[in-house]
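Report on the structure given below.
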Amino acid sequence: MWRTAAIIIFSCVLMLSATAQEAATRDFRTIWNEAVSAYRDGDYQNFLTTMIELDEMRPHQRSVQHNVAAAHVLADDAEGAMFKLEELARRGIYADLGADSDFAPLADEPGFSSLRSSMQSLVEPMGESNVVLETEPLAVLPEGVVVDEESGDLFVSSVRLGKIWRYRDGGEFEEFVGSLAHPGLAGILGMAVDNRRQLLWAVSSVPGQYIGENASSVQTSALFGFDLTTGSVQHYLPLAGEGHFLGEVIVGPDSGVYASDSGTPVVYKVNDDLTELEIYFDGHRYSNFQGFGFGNDGRLYIADYIEGIIVADILAGTSDLLITESGAYLGGIDALFVVGSRLIAIRNGSRPHRITSYVLSEDGRTIVGEDVLAANLPGWNEPTLGVVSNGQLIYNAASGWPDFDESGELADGATAGPIRIMSVALD
């Protein structure tokens, strides 16, 4: 999925994630700037000290994790670097120790060869997944996929073209919504089927990769409600102002319609008249909202691409990051689903890409177990969003994001891939 948090490389060592709204906390930004200055001044001991401090604040930010290990190397602390890299391997965060020059000085350290093997094992394919739909090559940047439980129809959205296709249960694949359906329609990301209202809800935003007919004029992120039978626009709910990026939408257990904005970050709820988006959860102290869902107790679980998974008690007005007993890595999660006492996550923000099942404690605030359902499978090309249906996670396995540049053109040497929808059993 498109994210407002982009990695900025100051050097082969120093990287930073930042949102368009400067959503990272002031303290984090201050310390990060100190780290930048220390690195540029060659004060590697201070660079290490500040990176360790940032690691304590953001244990699920991939760039921080890498920089802590690299800072140990620069500070001539090989033992500390090895310890950090071993921690990353245990958490399932891959580093190419053979190709990454940051870690070349460790090559002769005891245990380095074993560590390198452990890292390589992380990128071995794991689990099984079945192909549900595969088309001919299409340069569309598919993103969202949902299933209409009543008809069996499957819908796939396109970020690059601003379209939605319908795959009928009998095998017919057809355009359902075109990019000219509404002048405010842009790149389409997450979707949700609303059988009670006979609507297909879809969020639209304007990344650089959107090249639809109105790409030069559309400027607003919006939620659309399409007639579930005809695809005609029934509702248009735009957000005013700049910096918004709606990415996901769900129909909650109360039949309310909710959408997440990674640019602010906020979760909105559609008002009773279905005419506007109202703030449901203001996450200004967090960074970058992605997928989300409700637990059985009404609490809201939100994947923050940088900080981990948030659990919010709306009635109590509280929110916290989930605790993990095993130190599980919760960064880079694009899609998140609540299934009973488990959270199902599609992680594409670090290698290897994974689909993981996390077991929640009774109070719903701690992850007490995890199980990798699938990882780095053949046919994957940055999996993004999906939907839970009949005991399966049906998901977009091949978004193709790595194949396109920021203007929506194929990158040098890249070729268009197919829409490939796959499924993995959750039982």
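Order determines the names: the first chain of the structure tokens is A, the second B, and so forth; residues in each chain are numbered 1 upward, and ligands are numbered 1 upward as they are shown.
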
May I have the residues within 12 Å of Ser157 of chain A as JSON, numbers by chain, using only C-alpha atoms and disregarding those fewer than 6 positions away in the same chain? {"A": [1, 140, 141, 142, 143, 144, 145, 146, 163, 164, 165, 166, 167, 174, 175, 176, 177, 178, 179, 186, 187, 188, 189, 190, 191, 192, 200, 201, 202, 203, 204, 247, 248, 384, 385, 386, 395, 396, 399, 419, 421]}

Can you tell me, as number ranges by chain, what residues are no more than 10 Å from Lys84 of chain A when counting only C-alpha atoms, ignoring any on the same chain fewer than 3 positions away? A: 65-66, 68-70, 72, 78-81, 87-90

DSSP on the backbone, strand (DSSP E or B) only: what residues of segment 196-408 of chain A does that give? Format it as a PyMOL selection string. chain A and resi 199-205+222-227+233-238+246-251+257-261+266-270+277-282+289-294+300-304+308-313+318-321+323-324+333-339+342-347+354-360+366-375+381+386-389+392-396+398+404

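Shell of Leu336 of chain A at 7 Å, with only C-alpha atoms counted and residues fewer than 3 places along the chain excluded, is A:Gly291, A:Phe292, A:Gly293, A:Ala303, A:Leu343, A:Ile344, A:Ala345, A:Ile346.
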
Per residue of segment 211-237 of chain A within 12 Å of segment 259-266 of chain A, which atom pair is closest and at what distance in Å (one decimal), using only C-alpha atoms, listed by chain and increasing number, as CSV?
residue,atom,partner,partner_atom,distance
A:Ser221,CA,A:Asp261,CA,9.0
A:Ala222,CA,A:Ala259,CA,9.7
A:Leu223,CA,A:Ala259,CA,7.9
A:Phe224,CA,A:Ala259,CA,10.8
A:Leu237,CA,A:Ala259,CA,11.0

For C-alpha atoms, I'd like the residues from the last selection saved as an mmCIF file, in the first residue's frame.
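Result went into again15.cif, see below:
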data_model
loop_
_atom_site.group_PDB
_atom_site.id
_atom_site.type_symbol
_atom_site.label_atom_id
_atom_site.label_comp_id
_atom_site.auth_asym_id
_atom_site.auth_seq_id
_atom_site.Cartn_x
_atom_site.Cartn_y
_atom_site.Cartn_z
ATOM 1 C CA SER A 221 -8.760 11.969 -0.515
ATOM 2 C CA ALA A 222 -12.321 10.673 -0.309
ATOM 3 C CA LEU A 223 -14.592 7.791 0.593
ATOM 4 C CA PHE A 224 -16.965 6.539 -2.111
ATOM 5 C CA LEU A 237 -17.392 11.924 1.122
#

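Of the listed residues A:Thr135, A:Ser205, A:Ser217, A:Gln120, the one whose atoms come nearest to Arg351 of chain A is A:Gln120, with distances taken using only C-alpha atoms.
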
Nearby residues (only C-alpha atoms) at most 9 Å from Phe294 of chain A, same-chain spacing under 2 positions excluded, as a list in words: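 Near Phe294 of chain A, the qualifying residues are Gly252, Pro253, Phe292, Asn296, Asp297, Gly298, Arg299, Leu300, Tyr301, Ile302, Phe337 and Val338 of chain A.
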
Contacts of Ser350 of chain A within 10 Å, only C-alpha atoms, excl. fewer than 3 positions in-chain, as a list in words: Gln61, Arg62, Ser63, Gly92, Ile93, Tyr94, Ala95, Tyr329, Gly331, Gly332, Ile333, Arg347, His353 and Arg354 of chain A

Could the residues in this selection be written to a file with N, CA and C atoms, as a CSV table (one decimal), in the first residue's frame?
chain,number,residue,atom,x,y,z
A,61,GLN,N,10.3,0.2,14.3
A,61,GLN,CA,10.6,1.0,13.1
A,61,GLN,C,11.9,0.4,12.5
A,62,ARG,N,11.7,-0.1,11.3
A,62,ARG,CA,12.7,-0.9,10.6
A,62,ARG,C,14.0,-0.1,10.4
A,63,SER,N,13.9,1.1,10.0
A,63,SER,CA,15.1,1.9,9.8
A,63,SER,C,15.9,2.1,11.1
A,92,GLY,N,12.6,-11.9,13.0
A,92,GLY,CA,12.2,-12.1,11.6
A,92,GLY,C,12.4,-11.0,10.7
A,93,ILE,N,13.4,-10.1,11.1
A,93,ILE,CA,13.8,-9.0,10.3
A,93,ILE,C,15.1,-9.3,9.5
A,94,TYR,N,15.0,-9.4,8.2
A,94,TYR,CA,16.1,-9.8,7.4
A,94,TYR,C,17.1,-8.7,7.1
A,95,ALA,N,18.4,-9.0,7.1
A,95,ALA,CA,19.4,-8.1,6.6
A,95,ALA,C,20.4,-9.0,5.8
A,329,TYR,N,8.1,-8.6,16.1
A,329,TYR,CA,8.3,-7.3,15.3
A,329,TYR,C,6.9,-7.0,14.7
A,331,GLY,N,6.2,-3.9,13.1
A,331,GLY,CA,6.3,-2.8,12.2
A,331,GLY,C,6.0,-3.3,10.8
A,332,GLY,N,5.7,-2.3,9.9
A,332,GLY,CA,5.5,-2.6,8.5
A,332,GLY,C,4.3,-3.4,8.1
A,333,ILE,N,3.3,-3.4,9.0
A,333,ILE,CA,2.0,-4.1,8.8
A,333,ILE,C,1.1,-3.2,7.9
A,347,ARG,N,2.4,-8.3,6.5
A,347,ARG,CA,3.5,-7.4,6.7
A,347,ARG,C,4.3,-7.3,5.4
A,353,HIS,N,8.5,-10.6,3.5
A,353,HIS,CA,7.0,-10.3,3.6
A,353,HIS,C,6.4,-11.5,4.2
A,354,ARG,N,5.4,-11.2,5.1
A,354,ARG,CA,4.8,-12.3,5.9
A,354,ARG,C,3.3,-12.1,6.1

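Minimum atom-to-atom distances from A:Ala181, A:Ala240, A:Met82, A:Leu393 to Leu106 of chain A were compared using only C-alpha atoms, and the lowest value belongs to A:Met82.
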
Choose the residue, out of A:Ser361, A:Val387, A:Ser326, A:Ser129, that has the smallest atom-to-atom separation from Gly340 of chain A; count only C-alpha atoms. A:Ser361

So the first atom is atom CA of Val388 of chain A and the second is atom CA of Ser151 of chain A; what is the distance between them in Å, to one decimal place?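 Going from atom CA of Val388 of chain A over to atom CA of Ser151 of chain A covers 15.6 Å.
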
Give me the residues within 8 Å of Glu409 of chain A as a PyMOL selection string, counting only C-alpha atoms and dropping any in the same chain fewer than 4 places off. chain A and resi 209+404-405

Closest atom pairs, residues of segment 273-318 of chain A within 10 Å of segment 46-59 of chain A, only C-alpha atoms, as a tab-separated table:
residue	atom	partner	partner_atom	distance
A:Ile306	CA	A:Arg58	CA	7.7
A:Glu307	CA	A:Arg58	CA	6.0
A:Gly308	CA	A:Pro59	CA	8.2

Just to be explicit: take each residue in the selection above, keep N, CA and C atoms, and write the result as a CSV table (one decimal), in the first residue's frame.
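Once written, out-v1.csv looks like this:
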chain,number,residue,atom,x,y,z
A,306,ILE,N,4.8,2.3,11.3
A,306,ILE,CA,6.1,2.6,12.0
A,306,ILE,C,6.2,2.1,13.4
A,307,GLU,N,5.1,2.3,14.1
A,307,GLU,CA,5.2,2.1,15.6
A,307,GLU,C,4.7,0.7,16.1
A,308,GLY,N,4.0,0.0,15.3
A,308,GLY,CA,3.5,-1.3,15.8
A,308,GLY,C,2.0,-1.4,15.7

Neighbours of Ala328 of chain A within 9 Å (only C-alpha atoms; same-chain residues fewer than 6 positions away dropped), as a PDB file with N, CA and C atoms, in the first residue's frame?
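Saved as part26.pdb:
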ATOM      1  N   HIS A  60       9.653  -0.920  16.687  1.00  0.00           N
ATOM      2  CA  HIS A  60       9.067  -1.534  15.493  1.00  0.00           C
ATOM      3  C   HIS A  60       9.330  -0.702  14.233  1.00  0.00           C
ATOM      4  N   ARG A  90      15.972 -13.138  15.207  1.00  0.00           N
ATOM      5  CA  ARG A  90      14.944 -13.779  16.041  1.00  0.00           C
ATOM      6  C   ARG A  90      13.577 -13.144  15.804  1.00  0.00           C
ATOM      7  N   ARG A  91      13.558 -11.856  15.510  1.00  0.00           N
ATOM      8  CA  ARG A  91      12.299 -11.143  15.297  1.00  0.00           C
ATOM      9  C   ARG A  91      11.810 -11.248  13.850  1.00  0.00           C
ATOM     10  N   GLY A  92      12.580 -11.929  13.014  1.00  0.00           N
ATOM     11  CA  GLY A  92      12.155 -12.130  11.635  1.00  0.00           C
ATOM     12  C   GLY A  92      12.444 -10.953  10.729  1.00  0.00           C
ATOM     13  N   ILE A 367       0.459  -9.539  23.053  1.00  0.00           N
ATOM     14  CA  ILE A 367       0.607 -10.664  22.129  1.00  0.00           C
ATOM     15  C   ILE A 367       1.392 -11.753  22.847  1.00  0.00           C
ATOM     16  N   GLY A 369       1.605 -15.052  21.581  1.00  0.00           N
ATOM     17  CA  GLY A 369       2.074 -16.093  20.668  1.00  0.00           C
ATOM     18  C   GLY A 369       1.941 -15.625  19.233  1.00  0.00           C
ATOM     19  N   GLU A 370       2.703 -16.230  18.361  1.00  0.00           N
ATOM     20  CA  GLU A 370       2.618 -15.881  16.944  1.00  0.00           C
ATOM     21  C   GLU A 370       2.913 -17.110  16.089  1.00  0.00           C
TER      22      GLU A 370
END

Which of these, A:Gly349, A:Gly111, A:Gly364, A:Gly152, has the shortest distance to Pro383 of chain A once you count only C-alpha atoms?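 Comparing A:Gly349, A:Gly111, A:Gly364, A:Gly152 against Pro383 of chain A, the winner is A:Gly349.
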